[in-house]
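Okay, so here's the structure we're looking at.
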Amino acid sequence: MSQPTLFVEVHILQSLPPSNVNRDDSGTPKQAVYGGARRARVSSQAWKRATRTEYAKHMPNADRATRTKRIATLLAQRLARPAAEAGAGLTGEQADRLAAALLEPLGITKSTKRDDQSAYLLFFGKKQLDALVQLLDGKAAELAALPDDDLKNEVKKLAVVQTLSTGHPAEVALFGRMVADLPALNVDASVQVAHALSTHAVRTEFDYYTAVDDENTDDHGAGMIGTVEFNSSTLYRYAVLGVHQLRDNLTDAEETRQTAVRFVDAFARSMPTGHQNSFAHRTLPHLVLLTVRADQPVNLVSAYEEPVTGVTGLASESVVRLADELKAVGETWGDKPLRTLATYTAEGDKITEVFGSSLPFPALLDSVDALVGQWLADGEIAPAETAQADAR
C-alpha cells in the first residue's frame with residue numbers, strides 16, 4: 001500500500017520594475033521562448049538560492065546549512081577547538097590530517113587546484129560537523145598521534161557516513177543533496193521550483209550610464225562609460241513542497257510543520273539580488289495562491305501559453321488568467337485541490353469565486369500551519385466541501 005502524500009503548491013504573480021535579477025554569461029537578463037513569444041526568465045536555481053538565503057535569515061546560525069568545497073577546513077577548525085579548550089590543542093597540521101582521515105570514507109577527492117578544497121560543493125548542516133567531532137569522544141589528540149595506517153583503521157570504526165546521513169538541517173531537507181561518489185549521502189529534495197516566466201512577451205533594453213571623476217576638474221567628460229541590459233516583467237512563479245518527503249527527511253513532525261510554514265513565507269518574500277544596487281527591484285507579490293493536493297502537483301503556467309497583452313494591465317489580466325486556468329483544470333480533469341488559499345489585491349467576482357476571499361498573508365501562513373499539522377496527525381485532509389459539510 002502506497003504511503004499518503006501531500007503537496008503544498010505555491011503560485012505567485014509578481015511584477016518587477018526595470019531590473020536584471022538573473023543574467024546569463026554575457027550579462028543579458030535570462031530569457032526563454034514559451035508559446036512562441038520571448039519571455040523574461042529567472043532560473044529555478046537563482047530563486048532557490050534566494051529562498052534559502054531568505055529562510056536562513058530567521059534561523060540560529062548553528063542550525064543553518066552551508067554549501068562549500070571547504071568542508072575539510074571547517075572540520076579541522078572544529079577538531080582543534082575542543083582539544084585546545086581541554087589544554088591539549090592540536091597543531092594545524094594535526095587537525096588537517098585528522099579531518100582528512102575522517103572525510104576519506106566519503107570519497108571526497110581533493111580539488112586539482114586547491115589542496116584545502118574538495119573537488120565539488122557539498123551541502124551539509126553545521127550541526128553535522130559538530131556531530132563528527134563528537135564521534136571522537138574527546139580522543140582527537142590521541143588519534144592525531146597515530147601512524148597513518150592505524151589512524152585509517154580507527155576511523156573505519158566510526159559512523160562517519162551515518163552521521164552525515166542523518167540529522168539534516170531544514171535547508172538540506174527542503175532542497176536536497178546529491179553526492180555522485182557516495183549515494184548513501186543523497187537526500188531527495190522535498191521542494192521543486194520552476195523557472196519563473198513572464199506572463200507576457202518582453203524586450204530587452206539597454207541602460208547607458210556614465211560616471212564622473214570627482215577629482216578631475218580639468219576634464220569635464222565622463223570618467224567611465226558603460227551599459228547594462230534590463231527588462232521589466234510580471235512573473236509567474238511556482239514551487240511545490242512535498243510534505244511527505246519533508247517529513248521523511250526531518251523525521252520530526254513538529255519540525256516538519258514549522259519548516260513547511262517557513263518555506264512558504266521565505267519563497268513568497270525572496271528575491272534574487274542580481275544588479276540590486278543598480279535597480280532597487282525588490283517588490284512583494286500581488287498574488288500568493290496556495291493549492292493543496294494529495295495526488296500530484298499541477299503547474300499552472302499554461303495559463304500564459306498565449307502571452308498576456310496588457311489591455312487592462314499585465315498584473316490584473318495575469319490574475320484573471322490564473323483563475324481561469326485553475327478552474328478549467330479542475331473541471332476538465334475532475335481534479336480540484338483539497339484546499340485553495342490566497343492573498344491578493346485584485347478585485348473581481350470571478351477571482352473571489354475561484355480563489356476564495358483574500359487572506360492577510362500572516363493568516364494564510366496560519367492556515368498552512370493548521371493544514372500541515374492536521375495531515376501529519378491524521379494522514380489526510382478532507383476536501384473543502386466535505387470539511388464545510390462536517391462543520392455544519
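Going by the C-alpha cells order, chains are called A, B, ..., each with residues numbered from 1, while ligands are numbered from 1 in the order shown.
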DSSP strand (DSSP E or B) residues within range 123-333 of chain A, listed as a ChimeraX atom specification: /A:123-125,177,187,191-193,196-198,205-211,224-242,287-293
Spatial neighbours of range 130-143 of chain A, 9 Å, only C-alpha atoms, chain gap at least 4 places, as a PyMOL selection string: chain A and resi 75+78-80+82-83+86+88-90+94-95+98+102+126+147+150-151+154-155+158-160+163-164
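Shortest atom-to-atom contact with Val320 in chain A among A:Leu13, A:Leu182, A:Met224, A:Ala253: A:Leu13, counting only C-alpha atoms.
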Close residues, Glu347 in chain A itself excluded, 10 Å, only C-alpha atoms, min 6 positions apart in chain, as a list in words: Ser316, Val319, Val320 and Ser358 of chain A
Please produce a file of those selected residues containing N, CA, C and O atoms, as a PDB file, in the first residue's frame.
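Final file, part26.pdb:
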```pdb
ATOM      1  N   SER A 316      -3.267  42.631 -13.537  1.00  0.00           N
ATOM      2  CA  SER A 316      -4.676  42.275 -13.345  1.00  0.00           C
ATOM      3  C   SER A 316      -5.106  41.192 -14.334  1.00  0.00           C
ATOM      4  O   SER A 316      -5.827  40.248 -13.975  1.00  0.00           O
ATOM      5  N   VAL A 319      -3.782  37.763 -13.233  1.00  0.00           N
ATOM      6  CA  VAL A 319      -4.546  37.166 -12.138  1.00  0.00           C
ATOM      7  C   VAL A 319      -5.790  36.478 -12.682  1.00  0.00           C
ATOM      8  O   VAL A 319      -6.116  35.345 -12.292  1.00  0.00           O
ATOM      9  N   VAL A 320      -6.499  37.145 -13.598  1.00  0.00           N
ATOM     10  CA  VAL A 320      -7.715  36.560 -14.178  1.00  0.00           C
ATOM     11  C   VAL A 320      -7.366  35.286 -14.955  1.00  0.00           C
ATOM     12  O   VAL A 320      -8.072  34.272 -14.850  1.00  0.00           O
ATOM     13  N   SER A 358      -9.638  36.919  -0.096  1.00  0.00           N
ATOM     14  CA  SER A 358      -8.225  37.165   0.163  1.00  0.00           C
ATOM     15  C   SER A 358      -7.948  37.154   1.660  1.00  0.00           C
ATOM     16  O   SER A 358      -8.670  37.790   2.443  1.00  0.00           O
TER      17      SER A 358
END
```
Selection near Val298 in chain A, 12 Å with only C-alpha atoms, sequence-local residues under 4 positions removed, as number ranges by chain: A: 7-11, 192, 194, 238-241, 290-294, 302-303, 325-326, 329-330, 333, 335-337
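Of the listed residues (A:Leu16, A:His58, A:Ala170, A:Asp324), A:Leu16 comes nearest to Pro285 in chain A; the distances count only C-alpha atoms.
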Residue list (alpha helix (DSSP H), DSSP) for range 4-100 of chain A, as JSON, numbers by chain: {"A": [44, 45, 46, 47, 48, 49, 50, 51, 52, 53, 54, 55, 56, 71, 72, 73, 74, 75, 76, 77, 78, 79, 80, 81, 82, 83, 84, 85, 92, 93, 94, 95, 96, 97, 98, 99, 100]}
Could the residues in this selection be written to a file with N, CA and C atoms, as a short mmCIF file (atom, residue, chain, number, x, y, z; two decimals), in the first residue's frame?
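Done, and the output landed in out20.cif:
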```cif
data_model
loop_
_atom_site.label_atom_id
_atom_site.label_comp_id
_atom_site.auth_asym_id
_atom_site.auth_seq_id
_atom_site.Cartn_x
_atom_site.Cartn_y
_atom_site.Cartn_z
N SER A 44 15.39 28.51 -11.89
CA SER A 44 14.98 27.89 -10.63
C SER A 44 16.13 27.90 -9.63
N GLN A 45 17.35 27.73 -10.11
CA GLN A 45 18.50 27.74 -9.20
C GLN A 45 18.65 29.09 -8.53
N ALA A 46 18.46 30.17 -9.29
CA ALA A 46 18.59 31.51 -8.72
C ALA A 46 17.54 31.74 -7.64
N TRP A 47 16.31 31.29 -7.91
CA TRP A 47 15.26 31.56 -6.91
C TRP A 47 15.34 30.60 -5.73
N LYS A 48 15.87 29.41 -5.94
CA LYS A 48 16.10 28.51 -4.79
C LYS A 48 17.17 29.09 -3.87
N ARG A 49 18.21 29.63 -4.47
CA ARG A 49 19.26 30.26 -3.67
C ARG A 49 18.69 31.44 -2.88
N ALA A 50 17.88 32.26 -3.54
CA ALA A 50 17.27 33.41 -2.86
C ALA A 50 16.34 32.95 -1.74
N THR A 51 15.60 31.87 -1.98
CA THR A 51 14.70 31.35 -0.95
C THR A 51 15.47 30.80 0.24
N ARG A 52 16.55 30.07 -0.06
CA ARG A 52 17.36 29.52 1.03
C ARG A 52 17.99 30.64 1.86
N THR A 53 18.45 31.69 1.20
CA THR A 53 19.03 32.83 1.92
C THR A 53 17.98 33.51 2.78
N GLU A 54 16.78 33.68 2.23
CA GLU A 54 15.70 34.31 3.00
C GLU A 54 15.30 33.43 4.18
N TYR A 55 15.23 32.13 3.96
CA TYR A 55 14.89 31.18 5.02
C TYR A 55 15.90 31.25 6.16
N ALA A 56 17.18 31.30 5.80
CA ALA A 56 18.25 31.25 6.79
C ALA A 56 18.31 32.50 7.67
N ILE A 71 34.88 21.84 3.31
CA ILE A 71 34.43 21.05 4.45
C ILE A 71 35.61 20.57 5.29
N ALA A 72 36.74 20.23 4.65
CA ALA A 72 37.90 19.75 5.40
C ALA A 72 38.44 20.86 6.31
N THR A 73 38.49 22.08 5.81
CA THR A 73 38.97 23.21 6.61
C THR A 73 38.04 23.48 7.79
N LEU A 74 36.73 23.48 7.52
CA LEU A 74 35.76 23.73 8.59
C LEU A 74 35.83 22.64 9.66
N LEU A 75 35.98 21.38 9.23
CA LEU A 75 36.07 20.28 10.19
C LEU A 75 37.35 20.38 11.01
N ALA A 76 38.46 20.75 10.36
CA ALA A 76 39.73 20.90 11.08
C ALA A 76 39.62 21.98 12.16
N GLN A 77 38.93 23.06 11.85
CA GLN A 77 38.74 24.13 12.83
C GLN A 77 37.96 23.63 14.03
N ARG A 78 36.94 22.81 13.80
CA ARG A 78 36.14 22.28 14.90
C ARG A 78 36.92 21.23 15.70
N LEU A 79 37.77 20.47 15.02
CA LEU A 79 38.57 19.47 15.72
C LEU A 79 39.59 20.13 16.64
N ALA A 80 40.17 21.23 16.22
CA ALA A 80 41.18 21.91 17.03
C ALA A 80 40.59 22.61 18.22
N ARG A 81 39.35 23.10 18.09
CA ARG A 81 38.75 23.90 19.15
C ARG A 81 38.57 23.15 20.46
N PRO A 82 37.87 21.98 20.48
CA PRO A 82 37.69 21.29 21.77
C PRO A 82 38.99 20.80 22.37
N ALA A 83 39.94 20.38 21.51
CA ALA A 83 41.22 19.92 22.05
C ALA A 83 41.96 21.07 22.71
N ALA A 84 41.90 22.24 22.12
CA ALA A 84 42.57 23.40 22.70
C ALA A 84 41.93 23.79 24.02
N GLU A 85 40.60 23.69 24.09
CA GLU A 85 39.90 24.03 25.32
C GLU A 85 40.25 23.06 26.43
N GLY A 92 47.88 22.89 13.64
CA GLY A 92 47.11 22.99 12.41
C GLY A 92 47.32 21.78 11.53
N GLU A 93 48.54 21.29 11.46
CA GLU A 93 48.84 20.12 10.63
C GLU A 93 48.13 18.88 11.15
N GLN A 94 48.10 18.70 12.49
CA GLN A 94 47.41 17.54 13.07
C GLN A 94 45.91 17.59 12.79
N ALA A 95 45.31 18.77 12.96
CA ALA A 95 43.88 18.92 12.74
C ALA A 95 43.53 18.65 11.27
N ASP A 96 44.36 19.14 10.36
CA ASP A 96 44.13 18.91 8.93
C ASP A 96 44.22 17.42 8.60
N ARG A 97 45.20 16.75 9.19
CA ARG A 97 45.41 15.33 8.92
C ARG A 97 44.23 14.50 9.45
N LEU A 98 43.79 14.83 10.65
CA LEU A 98 42.67 14.10 11.24
C LEU A 98 41.39 14.36 10.47
N ALA A 99 41.15 15.59 10.04
CA ALA A 99 39.96 15.92 9.24
C ALA A 99 39.97 15.15 7.93
N ALA A 100 41.13 15.09 7.28
CA ALA A 100 41.24 14.36 6.02
C ALA A 100 40.93 12.87 6.21
#
```
Determine, counting only C-alpha atoms, which protein, DNA and RNA residues have an atom within 7 Å of an atom of Ser318 in chain A; residues of the same chain fewer than 4 positions away are not included. Present the result as a compact mmCIF listing (two decimals) with C-alpha atoms, in the first residue's frame.
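Wrote it out as part_2.txt, contents follow:
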```txt
# COMPACT_ATOMS: atom_id res chain seq x y z
CA THR A 199 3.23 36.12 -18.36
CA VAL A 308 -0.91 38.44 -21.83
CA LEU A 314 -0.41 42.96 -17.12
CA LEU A 322 -4.62 32.15 -13.47
```
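When the distance limit is 10 Å and only C-alpha atoms are what count, the residues near Glu380 in chain A, minus those fewer than 6 positions from it on the same chain, are Pro4, Thr5, Leu6, Ala294, Leu371, Val372 and Gln374 of chain A.
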Residue subset to file, keeping all heavy atoms, as an mmCIF file, in the first residue's frame:
```cif
data_model
loop_
_atom_site.group_PDB
_atom_site.id
_atom_site.type_symbol
_atom_site.label_atom_id
_atom_site.label_comp_id
_atom_site.auth_asym_id
_atom_site.auth_seq_id
_atom_site.Cartn_x
_atom_site.Cartn_y
_atom_site.Cartn_z
ATOM 1 N N PRO A 4 0.599 7.820 2.070
ATOM 2 C CA PRO A 4 -0.129 9.049 1.717
ATOM 3 C C PRO A 4 0.828 10.193 1.399
ATOM 4 O O PRO A 4 1.918 10.276 1.956
ATOM 5 C CB PRO A 4 -0.949 9.351 2.983
ATOM 6 C CG PRO A 4 -0.238 8.646 4.096
ATOM 7 C CD PRO A 4 0.367 7.422 3.481
ATOM 8 N N THR A 5 0.413 11.010 0.454
ATOM 9 C CA THR A 5 1.239 12.144 0.047
ATOM 10 C C THR A 5 0.460 13.444 0.219
ATOM 11 O O THR A 5 -0.777 13.457 0.187
ATOM 12 C CB THR A 5 1.669 12.018 -1.418
ATOM 13 O OG1 THR A 5 0.504 11.908 -2.247
ATOM 14 C CG2 THR A 5 2.550 10.793 -1.636
ATOM 15 N N LEU A 6 1.198 14.528 0.384
ATOM 16 C CA LEU A 6 0.584 15.857 0.475
ATOM 17 C C LEU A 6 1.498 16.859 -0.207
ATOM 18 O O LEU A 6 2.681 16.950 0.118
ATOM 19 C CB LEU A 6 0.361 16.270 1.939
ATOM 20 C CG LEU A 6 -0.344 17.620 2.107
ATOM 21 C CD1 LEU A 6 -1.818 17.499 1.701
ATOM 22 C CD2 LEU A 6 -0.248 18.128 3.537
ATOM 23 N N ALA A 294 -3.402 16.002 -2.833
ATOM 24 C CA ALA A 294 -2.930 14.720 -2.310
ATOM 25 C C ALA A 294 -2.489 13.779 -3.415
ATOM 26 O O ALA A 294 -1.926 12.720 -3.136
ATOM 27 C CB ALA A 294 -4.035 14.050 -1.488
ATOM 28 N N LEU A 371 -3.239 23.135 8.358
ATOM 29 C CA LEU A 371 -3.467 22.050 7.412
ATOM 30 C C LEU A 371 -2.348 21.011 7.451
ATOM 31 O O LEU A 371 -2.607 19.804 7.454
ATOM 32 C CB LEU A 371 -3.604 22.616 5.996
ATOM 33 C CG LEU A 371 -4.911 23.346 5.685
ATOM 34 C CD1 LEU A 371 -4.808 24.059 4.346
ATOM 35 C CD2 LEU A 371 -6.089 22.375 5.695
ATOM 36 N N VAL A 372 -1.100 21.481 7.472
ATOM 37 C CA VAL A 372 0.025 20.550 7.541
ATOM 38 C C VAL A 372 0.001 19.785 8.861
ATOM 39 O O VAL A 372 0.239 18.574 8.907
ATOM 40 C CB VAL A 372 1.359 21.297 7.356
ATOM 41 C CG1 VAL A 372 2.543 20.371 7.628
ATOM 42 C CG2 VAL A 372 1.453 21.860 5.950
ATOM 43 N N GLN A 374 -2.636 19.077 10.606
ATOM 44 C CA GLN A 374 -3.724 18.100 10.523
ATOM 45 C C GLN A 374 -3.299 16.862 9.743
ATOM 46 O O GLN A 374 -3.566 15.726 10.147
ATOM 47 C CB GLN A 374 -4.942 18.743 9.854
ATOM 48 C CG GLN A 374 -6.124 17.791 9.654
ATOM 49 C CD GLN A 374 -7.240 18.422 8.836
ATOM 50 O OE1 GLN A 374 -7.302 19.632 8.671
ATOM 51 N NE2 GLN A 374 -8.120 17.590 8.312
#
```
Distance query Ala184 in chain A at most 10 Å, only C-alpha atoms, self and fewer than 5 positions along chain excluded, as a PyMOL selection string: chain A and resi 106+161-162+164-165+178-179
Go ahead and write the selection's residues with N, CA, C and O atoms as an mmCIF file, in the first residue's frame.
```cif
data_model
loop_
_atom_site.group_PDB
_atom_site.id
_atom_site.type_symbol
_atom_site.label_atom_id
_atom_site.label_comp_id
_atom_site.auth_asym_id
_atom_site.auth_seq_id
_atom_site.Cartn_x
_atom_site.Cartn_y
_atom_site.Cartn_z
ATOM 1 N N LEU A 106 34.088 9.288 2.767
ATOM 2 C CA LEU A 106 33.079 9.929 1.929
ATOM 3 C C LEU A 106 33.467 9.932 0.453
ATOM 4 O O LEU A 106 32.654 10.277 -0.406
ATOM 5 N N VAL A 161 29.732 8.165 7.746
ATOM 6 C CA VAL A 161 28.713 8.302 6.710
ATOM 7 C C VAL A 161 27.327 8.421 7.332
ATOM 8 O O VAL A 161 26.512 9.252 6.924
ATOM 9 N N GLN A 162 27.060 7.607 8.353
ATOM 10 C CA GLN A 162 25.762 7.651 9.015
ATOM 11 C C GLN A 162 25.518 9.011 9.665
ATOM 12 O O GLN A 162 24.403 9.530 9.658
ATOM 13 N N LEU A 164 26.591 11.941 8.689
ATOM 14 C CA LEU A 164 26.235 12.936 7.682
ATOM 15 C C LEU A 164 24.960 12.560 6.917
ATOM 16 O O LEU A 164 24.469 13.351 6.120
ATOM 17 N N SER A 165 24.425 11.365 7.178
ATOM 18 C CA SER A 165 23.198 10.921 6.504
ATOM 19 C C SER A 165 21.968 11.144 7.371
ATOM 20 O O SER A 165 20.845 10.845 6.937
ATOM 21 N N MET A 178 22.868 15.825 -3.597
ATOM 22 C CA MET A 178 23.306 14.699 -4.416
ATOM 23 C C MET A 178 24.825 14.604 -4.351
ATOM 24 O O MET A 178 25.526 15.586 -4.605
ATOM 25 N N VAL A 179 25.317 13.435 -3.977
ATOM 26 C CA VAL A 179 26.751 13.160 -3.931
ATOM 27 C C VAL A 179 26.998 11.963 -4.826
ATOM 28 O O VAL A 179 26.704 10.824 -4.451
#
```
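Between Lys350 in chain A and the candidates A:Ala101, A:Ala189, A:Ala323, A:Ala384, the tightest atom-to-atom separation, counting only C-alpha atoms, involves A:Ala323.
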Nearest to Asn153 in chain A by atom-to-atom distance, counting only C-alpha atoms, from A:Glu104, A:Pro297, A:Thr256, A:Arg339: A:Glu104
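Minimum distance to Gly107 in chain A across A:Ala196, A:Ala180, A:Asp188, A:Val261 (counting only C-alpha atoms) occurs at A:Ala180.
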